[in-house]
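The next block is my_file.txt, given as compact mmCIF, C-alpha atoms.
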# COMPACT_ATOMS: atom_id res chain seq x y z
CA MET J 1 7.44 114.43 120.48
CA LYS J 2 11.21 114.54 120.07
CA LEU J 3 13.75 112.21 121.74
CA ILE J 4 17.53 112.34 122.08
CA LEU J 5 18.96 108.84 121.71
CA PRO J 6 22.55 107.54 121.76
CA VAL J 7 23.90 106.59 118.36
CA GLU J 8 24.72 103.10 119.68
CA THR J 9 21.08 102.18 120.28
CA ALA J 10 18.93 104.59 118.27
CA ASP J 11 18.46 102.15 115.39
CA GLU J 12 17.23 99.49 117.82
CA ILE J 13 14.80 101.79 119.63
CA GLU J 14 13.39 103.84 116.74
CA PRO J 15 11.34 101.03 115.11
CA HIS J 16 9.42 100.58 118.37
CA LEU J 17 8.44 104.24 118.74
CA PRO J 18 4.97 105.49 117.76
CA GLU J 19 4.45 107.21 114.44
CA GLY J 20 5.31 110.87 114.55
CA THR J 21 8.09 110.53 117.12
CA VAL J 22 11.20 112.44 116.06
CA VAL J 23 14.66 111.13 117.01
CA VAL J 24 17.93 113.03 117.14
CA ARG J 25 21.14 111.15 117.82
CA VAL J 26 23.94 112.01 120.22
CA ASP J 27 27.42 110.51 120.32
CA GLY J 28 29.63 109.82 123.32
CA GLU J 29 31.06 113.33 123.27
CA GLY J 30 27.67 115.06 123.27
CA ASN J 31 27.60 115.95 119.56
CA ILE J 32 23.96 116.00 118.48
CA ASP J 33 22.94 115.22 114.90
CA GLY J 34 19.97 117.52 114.52
CA ASP J 35 17.98 120.15 116.41
CA ALA J 36 17.35 119.24 120.06
CA THR J 37 15.95 122.58 121.21
CA ASP J 38 12.43 121.14 121.54
CA ALA J 39 13.40 117.64 122.71
CA GLU J 40 11.55 116.41 125.81
CA VAL J 41 13.22 113.04 126.42
CA TYR J 42 16.88 112.02 126.69
CA PHE J 43 17.97 108.40 126.89
CA SER J 44 21.67 108.35 127.69
CA TYR J 45 23.78 105.24 127.70
CA PHE J 46 26.41 103.67 129.92
CA TYR J 47 29.64 105.53 130.72
CA LEU J 48 28.03 108.95 130.41
CA LYS J 49 30.64 111.64 130.94
CA PRO J 50 29.66 114.88 132.71
CA THR J 51 30.92 116.89 129.72
CA THR J 52 28.63 114.92 127.40
CA LEU J 53 25.70 115.33 129.77
CA HIS J 54 26.23 119.08 130.05
CA ARG J 55 26.40 119.52 126.28
CA VAL J 56 23.06 117.76 125.95
CA LEU J 57 21.55 119.93 128.69
CA ASP J 58 22.72 123.06 126.89
CA ALA J 59 21.28 121.85 123.59
CA ALA J 60 17.90 120.82 125.01
CA PRO J 61 16.36 123.61 127.12
CA LEU J 62 12.90 121.97 127.09
CA LEU J 63 14.09 118.59 128.33
CA ARG J 64 11.71 117.08 130.88
CA TRP J 65 12.71 113.44 131.38
CA HIS J 66 16.14 111.78 131.38
CA HIS J 67 16.52 108.00 131.51
CA ALA J 68 19.95 106.72 132.55
CA PRO J 69 20.51 102.97 132.10
CA ASN J 70 22.88 102.73 135.08
CA ALA J 71 21.63 101.82 138.52
CA GLY J 72 24.10 104.25 140.09
CA VAL J 73 23.60 107.91 139.15
CA ASN J 74 26.19 109.62 141.33
CA HIS J 75 28.11 110.70 138.19
CA ILE J 76 24.98 112.35 136.80
CA LEU J 77 23.92 114.49 139.76
CA THR J 78 26.26 117.39 139.07
CA PRO J 79 25.41 120.91 140.28
CA LYS J 80 24.52 121.94 136.72
CA TYR J 81 22.23 118.93 136.33
CA LEU J 82 20.47 119.61 139.63
CA GLU J 83 19.66 123.14 138.48
CA ARG J 84 17.23 121.59 135.99
CA ASN J 85 13.92 120.23 137.25
CA LEU J 86 14.20 116.96 135.34
CA ILE J 87 12.55 113.65 136.01
CA LEU J 88 15.42 111.16 136.27
CA THR J 89 14.86 107.42 135.96
CA ASN J 90 17.54 104.76 136.16
CA GLY J 91 18.21 101.17 135.15
CA SER J 92 17.71 99.64 138.56
CA GLY J 93 16.89 95.96 138.13
CA VAL J 94 18.34 95.34 134.68
CA HIS J 95 21.72 94.22 136.09
CA GLY J 96 20.40 92.23 139.03
CA ILE J 97 20.57 88.74 137.53
CA PRO J 98 24.12 88.81 136.08
CA ILE J 99 25.55 90.60 139.12
CA ALA J 100 23.90 88.15 141.49
CA GLU J 101 25.31 85.24 139.48
CA PHE J 102 28.76 86.84 139.68
CA VAL J 103 28.46 87.15 143.46
CA ILE J 104 27.72 83.42 143.64
CA ALA J 105 30.79 82.84 141.46
CA TYR J 106 32.91 84.85 143.92
CA LEU J 107 31.49 82.91 146.87
CA LEU J 108 32.20 79.56 145.22
CA ALA J 109 35.63 80.55 143.93
CA TYR J 110 36.64 81.48 147.47
CA SER J 111 35.00 78.66 149.41
CA LYS J 112 36.01 75.93 146.93
CA ARG J 113 39.52 77.36 146.44
CA LEU J 114 39.12 77.48 142.67
CA PRO J 115 42.18 79.70 141.99
CA SER J 116 44.38 77.21 143.87
CA LEU J 117 42.81 74.28 142.03
CA TYR J 118 43.37 75.95 138.64
CA LYS J 119 47.00 76.54 139.62
CA LEU J 120 47.46 72.90 140.63
CA GLN J 121 45.97 71.76 137.34
CA ASN J 122 48.35 73.97 135.37
CA GLU J 123 51.23 72.48 137.37
CA HIS J 124 49.97 68.90 136.81
CA ASN J 125 49.96 68.62 140.59
CA TRP J 126 47.52 66.11 142.17
CA GLN J 127 47.55 67.74 145.59
CA ARG J 128 44.82 66.99 148.07
CA GLY J 129 44.01 68.49 151.44
CA LEU J 130 43.09 72.05 150.43
CA PRO J 131 40.87 73.73 153.08
CA ILE J 132 37.68 73.62 150.99
CA GLN J 133 34.56 75.00 152.67
CA GLU J 134 30.78 74.90 152.28
CA LEU J 135 28.44 77.85 151.88
CA PHE J 136 25.74 75.93 153.76
CA GLU J 137 24.76 77.70 157.00
CA LYS J 138 27.32 80.46 156.47
CA THR J 139 26.10 84.03 157.10
CA LEU J 140 25.97 86.51 154.23
CA LEU J 141 25.44 90.21 154.97
CA ILE J 142 24.21 92.22 151.98
CA ILE J 143 24.71 95.94 152.55
CA GLY J 144 21.94 97.30 150.34
CA ALA J 145 18.89 95.05 150.04
CA GLY J 146 17.59 96.70 146.88
CA GLY J 147 16.97 95.02 143.53
CA ILE J 148 20.48 93.62 143.15
CA GLY J 149 20.69 92.64 146.81
CA GLN J 150 17.42 90.74 146.54
CA GLU J 151 18.59 88.85 143.46
CA ILE J 152 21.74 87.87 145.37
CA ALA J 153 19.62 86.68 148.29
CA VAL J 154 17.48 84.43 146.06
CA ARG J 155 20.54 82.58 144.83
CA ALA J 156 22.45 82.49 148.10
CA LYS J 157 19.42 81.10 149.95
CA ALA J 158 19.43 78.15 147.53
CA PHE J 159 22.83 77.23 149.04
CA GLY J 160 21.34 77.21 152.53
CA MET J 161 23.00 80.42 153.66
CA ARG J 162 21.73 82.66 156.45
CA ILE J 163 21.14 86.08 154.92
CA PHE J 164 21.11 89.49 156.55
CA GLY J 165 20.44 92.73 154.72
CA SER J 166 20.27 96.46 155.26
CA SER J 167 17.89 99.00 153.81
CA ARG J 168 17.08 102.67 154.24
CA HIS J 169 13.49 101.58 154.90
CA PRO J 170 13.84 98.12 156.48
CA LYS J 171 11.04 95.62 156.08
CA SER J 172 10.67 91.87 155.84
CA LEU J 173 11.90 90.58 152.47
CA PRO J 174 11.80 87.12 150.87
CA ASN J 175 15.00 85.09 151.37
CA PHE J 176 16.34 87.42 154.07
CA ASP J 177 16.52 86.17 157.63
CA LYS J 178 16.86 89.71 158.90
CA VAL J 179 16.71 93.21 157.38
CA VAL J 180 17.96 96.14 159.46
CA GLY J 181 18.22 99.90 158.99
CA ALA J 182 20.84 101.67 156.93
CA ASN J 183 23.26 102.12 159.85
CA GLU J 184 22.42 99.01 161.85
CA TRP J 185 24.33 96.57 159.63
CA LYS J 186 27.54 97.43 161.48
CA GLN J 187 26.26 95.46 164.48
CA LEU J 188 25.93 92.36 162.28
CA LEU J 189 29.52 92.29 161.04
CA PRO J 190 30.79 89.97 163.82
CA GLU J 191 28.31 87.34 162.60
CA ALA J 192 29.00 87.53 158.87
CA GLU J 193 31.47 85.29 157.09
CA PHE J 194 30.67 87.05 153.81
CA VAL J 195 29.85 90.73 153.26
CA VAL J 196 28.56 92.06 149.92
CA ILE J 197 28.46 95.79 149.19
CA ALA J 198 25.40 96.42 147.01
CA THR J 199 24.44 99.92 148.12
CA PRO J 200 24.44 103.02 145.88
CA LEU J 201 27.26 105.53 146.09
CA THR J 202 25.92 108.62 147.84
CA PRO J 203 27.53 111.27 150.06
CA GLU J 204 26.51 109.10 153.03
CA THR J 205 28.05 105.87 151.68
CA LYS J 206 31.24 107.33 150.19
CA GLY J 207 34.21 105.90 152.11
CA MET J 208 31.98 104.20 154.68
CA ILE J 209 34.00 100.98 154.67
CA ASP J 210 36.93 102.54 156.50
CA VAL J 211 39.47 101.48 159.11
CA GLU J 212 36.95 101.59 161.93
CA ILE J 213 34.46 99.41 160.07
CA LEU J 214 37.06 96.95 158.77
CA ARG J 215 38.20 96.40 162.34
CA LEU J 216 34.68 95.11 163.10
CA PHE J 217 34.87 92.39 160.46
CA ARG J 218 35.55 88.81 161.48
CA PRO J 219 39.13 87.77 160.66
CA ASP J 220 37.69 84.91 158.56
CA SER J 221 35.30 87.19 156.63
CA TYR J 222 35.36 87.78 152.89
CA LEU J 223 34.37 91.12 151.34
CA ILE J 224 32.73 91.43 147.91
CA ASN J 225 32.20 94.83 146.26
CA ILE J 226 29.93 94.95 143.21
CA ALA J 227 28.68 98.50 143.87
CA ARG J 228 31.13 101.41 143.59
CA GLY J 229 34.80 101.56 144.49
CA ALA J 230 34.48 104.87 146.33
CA ILE J 231 32.34 103.23 149.01
CA VAL J 232 35.52 101.58 150.29
CA ASP J 233 38.56 103.34 151.71
CA GLU J 234 41.04 101.56 149.44
CA SER J 235 44.08 102.27 151.58
CA ALA J 236 42.35 100.87 154.66
CA LEU J 237 41.20 97.81 152.71
CA THR J 238 44.73 97.17 151.45
CA THR J 239 46.03 97.28 155.00
CA ALA J 240 43.23 94.99 156.20
CA LEU J 241 44.09 92.44 153.51
CA GLN J 242 47.83 92.63 154.11
CA GLU J 243 47.57 92.37 157.89
CA GLY J 244 44.82 89.75 158.03
CA TRP J 245 41.98 91.80 159.49
CA ILE J 246 39.86 89.99 156.89
CA THR J 247 40.65 86.84 154.94
CA GLY J 248 40.15 88.21 151.43
CA ALA J 249 38.13 90.25 148.96
CA ALA J 250 36.57 90.10 145.50
CA LEU J 251 36.51 93.52 143.88
CA ASP J 252 34.60 94.17 140.68
CA THR J 253 34.92 97.90 141.21
CA VAL J 254 37.71 100.04 142.62
CA PHE J 255 38.27 103.72 143.37
CA THR J 256 40.19 104.44 140.16
CA GLU J 257 39.17 102.49 137.08
CA PRO J 258 41.05 100.97 135.36
CA LEU J 259 42.95 99.92 138.48
CA PRO J 260 46.43 101.48 138.20
CA ALA J 261 49.20 99.01 137.38
CA GLU J 262 51.09 100.02 140.53
CA SER J 263 48.20 99.24 142.88
CA PRO J 264 49.15 96.59 145.47
CA LEU J 265 45.69 95.08 145.07
CA TRP J 266 46.83 93.45 141.81
CA THR J 267 49.37 91.23 143.55
CA LEU J 268 47.79 90.48 146.92
CA PRO J 269 47.22 86.71 147.02
CA ASN J 270 43.88 87.05 148.83
CA VAL J 271 42.26 89.42 146.31
CA PHE J 272 40.20 88.54 143.23
CA ILE J 273 40.10 91.51 140.82
CA THR J 274 37.57 91.66 137.98
CA PRO J 275 37.29 94.63 135.56
CA HIS J 276 33.85 95.97 136.52
CA CYS J 277 32.21 93.29 134.40
CA SER J 278 29.77 91.59 136.79
CA GLY J 279 26.75 93.24 135.15
CA ASN J 280 27.76 92.61 131.55
CA THR J 281 25.71 90.19 129.45
CA PRO J 282 23.78 90.63 126.19
CA ARG J 283 20.53 90.29 128.15
CA VAL J 284 21.25 93.54 130.02
CA LYS J 285 20.90 95.64 126.87
CA GLU J 286 17.68 93.79 126.03
CA ARG J 287 16.24 94.57 129.48
CA THR J 288 17.49 98.18 129.31
CA LEU J 289 15.71 98.90 126.05
CA ALA J 290 12.52 97.17 127.23
CA LEU J 291 12.49 99.28 130.41
CA PHE J 292 12.99 102.51 128.47
CA LEU J 293 10.25 101.71 125.94
CA ASP J 294 7.82 100.81 128.71
CA ASN J 295 8.61 104.07 130.49
CA PHE J 296 8.27 106.02 127.23
CA ASN J 297 4.74 104.66 126.80
CA ARG J 298 3.99 105.61 130.39
CA TYR J 299 5.39 109.10 129.81
CA ARG J 300 3.21 109.65 126.72
CA GLN J 301 0.12 108.53 128.66
CA GLY J 302 0.88 110.65 131.73
CA GLN J 303 1.41 107.60 133.95
CA THR J 304 3.90 107.19 136.79
CA LEU J 305 7.32 106.19 135.51
CA ARG J 306 9.26 103.21 136.82
CA ASN J 307 12.56 103.72 138.66
CA VAL J 308 12.21 107.44 139.39
CA VAL J 309 15.35 108.57 141.21
CA ASP J 310 15.18 110.55 144.44
CA LYS J 311 17.84 113.10 143.53
CA THR J 312 18.18 114.21 147.14
CA ALA J 313 18.90 110.66 148.33
CA GLY J 314 21.01 109.92 145.26
CA TYR J 315 19.19 106.78 144.08

Could you spell out this file's structure in structure tokens?
Amino acid sequence: MKLILPVETADEIEPHLPEGTVVVRVDGEGNIDGDATDAEVYFSYFYLKPTTLHRVLDAAPLLRWHHAPNAGVNHILTPKYLERNLILTNGSGVHGIPIAEFVIAYLLAYSKRLPSLYKLQNEHNWQRGLPIQELFEKTLLIIGAGGIGQEIAVRAKAFGMRIFGSSRHPKSLPNFDKVVGANEWKQLLPEAEFVVIATPLTPETKGMIDVEILRLFRPDSYLINIARGAIVDESALTTALQEGWITGAALDTVFTEPLPAESPLWTLPNVFITPHCSGNTPRVKERTLALFLDNFNRYRQGQTLRNVVDKTAGY
């Protein structure tokens, strides 16, 4: 059996493959070192460009299974890709722990006024009386109660928060006080002091946090986006932050990345910008490789693969 592996990780994966497995390497531009015409399996890596993907598709006409390490696959489901009847699996679950920890960091930074306290320290200013809050008994709405959303709920529940979630197929979940359907979360916005976007980017979710939705937020609510920037209408969010429709936002992802220098989001005092780094730790690569190798063994044995993507739904 022949595999196409990224040059960045091929040396780490190859020693764990069964004898007789043939590996060809591909770089970030789609240049393949070897003959991929009979390759069955393609393991891409993060930041896969459509041009790279299409070059691999052209070089591997017998490809059957593609594993993408990202949880979101909206950038992969191009018309050319969908012409091929490929099994697509993703990295859902490998980023859950670090992203959930980052969400807790955002919650604490906001509620404990950490940016203001850092500023006071730099100024040698012993100022008391900041409006510091507790997370205890505050309501957190997680839009997207999938793997990442559930990891967030575990940690937020430890702070005594009330947790609501939304799911395409709602059911009772540990640590959630309520889970509603994919469109029913809008009715919960007046109750939520904190709202986390953890849903995949699909045609249905693109731009869904718009003017109409932002007007439903509580004026004391705080928005956290660790999903995809395109889920939020950035112009509407900027207006909401400037005019006080919501109290603030933590944005790990934005519509255009890197965030353009001229964006007003950089200088708004109620915005915490991070450079799409909430899922980055060395353990993520470790989990990614373990997931792929487990799935490769399943593939060889004809077993059901983990994390098969519904290409119609987009996740």

What are the closest atom pairs, with distances in Å to one decimal, for each residue of segment 89-148 of chain J lying within 9 Å of segment 176-188 of chain J, using all atoms listed in the file, rows by chain and rising residue number, as a Markdown table?
| residue | atom | partner | partner_atom | distance |
| --- | --- | --- | --- | --- |
| J:Leu141 | CA | J:Leu188 | CA | 7.6 |
| J:Ile142 | CA | J:Trp185 | CA | 8.8 |
| J:Ile143 | CA | J:Trp185 | CA | 7.1 |
| J:Gly144 | CA | J:Ala182 | CA | 8.0 |
| J:Ala145 | CA | J:Val179 | CA | 7.9 |

Quick one: distance from atom CA of Lys112 of chain J to atom CA of Thr281 of chain J in Å, one decimal?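 It comes out at 24.8 Å.
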
Counting all atoms listed in the file, I want the residues whose atoms come within 10 Å of (23.1, 111.0, 117.4) in the file frame, returned as a ChimeraX atom specification. /J:4-10,23-28,30-34

Between J:Val154, J:Ile132, J:Ala68, J:Ala313, which residue has the minimum interatomic distance to Glu204 of chain J, considering all atoms listed in the file? J:Ala313

Can you work out the spacing between atom CA of Thr239 of chain J and atom CA of Pro275 of chain J in Å, to one decimal?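 That distance, rounded to one decimal, is 21.5 Å.
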
Take the point (25.7, 106.4, 150.6) in the file's coordinates, draw a sphere of radius 10 Å around it, and report as a PyMOL selection string every protein, DNA or RNA residue with an atom inside or on it, counting only C-alpha atoms. chain J and resi 74+144+182+199-208+230-231+313-315

Fewer than 3 positions away in the same chain doesn't count, so skip those; otherwise give me all residues within 6 Å of segment 89-105 of chain J, counting only C-alpha atoms, as a list in words.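 Non-adjacent residues within range: His67, Ala68, Pro69, Asn70, Ala71, Leu108, Ala109, Gly147, Ile148, Glu151, Ile152, Ser278, Gly279, Val284, Arg287, Asn307, Val308 and Val309 of chain J.
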
Taking 6 positions as the minimum chain separation for residues in the same chain, which residues sit within 10 Å of Asp210 of chain J when counting only C-alpha atoms? Answer as an MDAnalysis selection string. chainID J and resid 231:237 240

Give the answer as one residue: which of J:Leu189, J:Phe272, J:His124, J:Phe43 has the shortest atom-to-atom distance to Leu291 of chain J, using all atoms listed in the file?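 Counting all atoms listed in the file, the residue closest to Leu291 of chain J is J:Phe43.
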
May I ask for the distance between atom CA of Leu82 of chain J and atom CA of Thr253 of chain J, given in Å to one decimal place?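 These two atoms are separated by 26.1 Å.
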
I'd like the neighbourhood of His54 of chain J as JSON, numbers by chain, where a residue qualifies if any of its atoms comes within 10 Å (using only C-alpha atoms), though same-chain residues fewer than 4 positions away should be ignored. {"J": [30, 49, 50, 58, 59, 60, 76, 78, 80, 81]}

If you count only C-alpha atoms, which residues fall within 8 Å of Pro264 of chain J, apart from same-chain ones fewer than 3 positions away, as a list in words?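 What passes the distance filter is Thr238, Thr267 and Leu268 of chain J.
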
Which of these, J:Trp245, J:Trp65, J:Tyr118, J:Phe164, has the shortest distance to Phe292 of chain J once you count only C-alpha atoms?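 Of all the options, J:Trp65 lies closest to Phe292 of chain J.
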
Given all atoms listed in the file as the basis, pick out the residue of J:Val195, J:Gly146, J:Phe46, J:Gln242 nearest to Lys285 of chain J.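 Going through J:Val195, J:Gly146, J:Phe46, J:Gln242 one by one, the smallest distance to Lys285 of chain J is for J:Phe46.
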
What's around Val254 of chain J at 7 Å? Count all atoms listed in the file, leave out sequence neighbours fewer than 5 positions away in its own chain, and write the answer as a count of residues only. 4

Pick from J:Pro15, J:Val41, J:Thr304, J:Tyr222, whichever lies nearest to Ser111 of chain J using all atoms listed in the file: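 Of J:Pro15, J:Val41, J:Thr304, J:Tyr222, the one nearest Ser111 of chain J, counting all atoms listed in the file, is J:Tyr222.
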
Give the answer as one residue: which of J:Leu241, J:Leu107, J:Leu62, J:Val73 has the shortest atom-to-atom distance to Leu48 of chain J, using all atoms listed in the file?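 For Leu48 of chain J, the nearest of the candidates is J:Val73.
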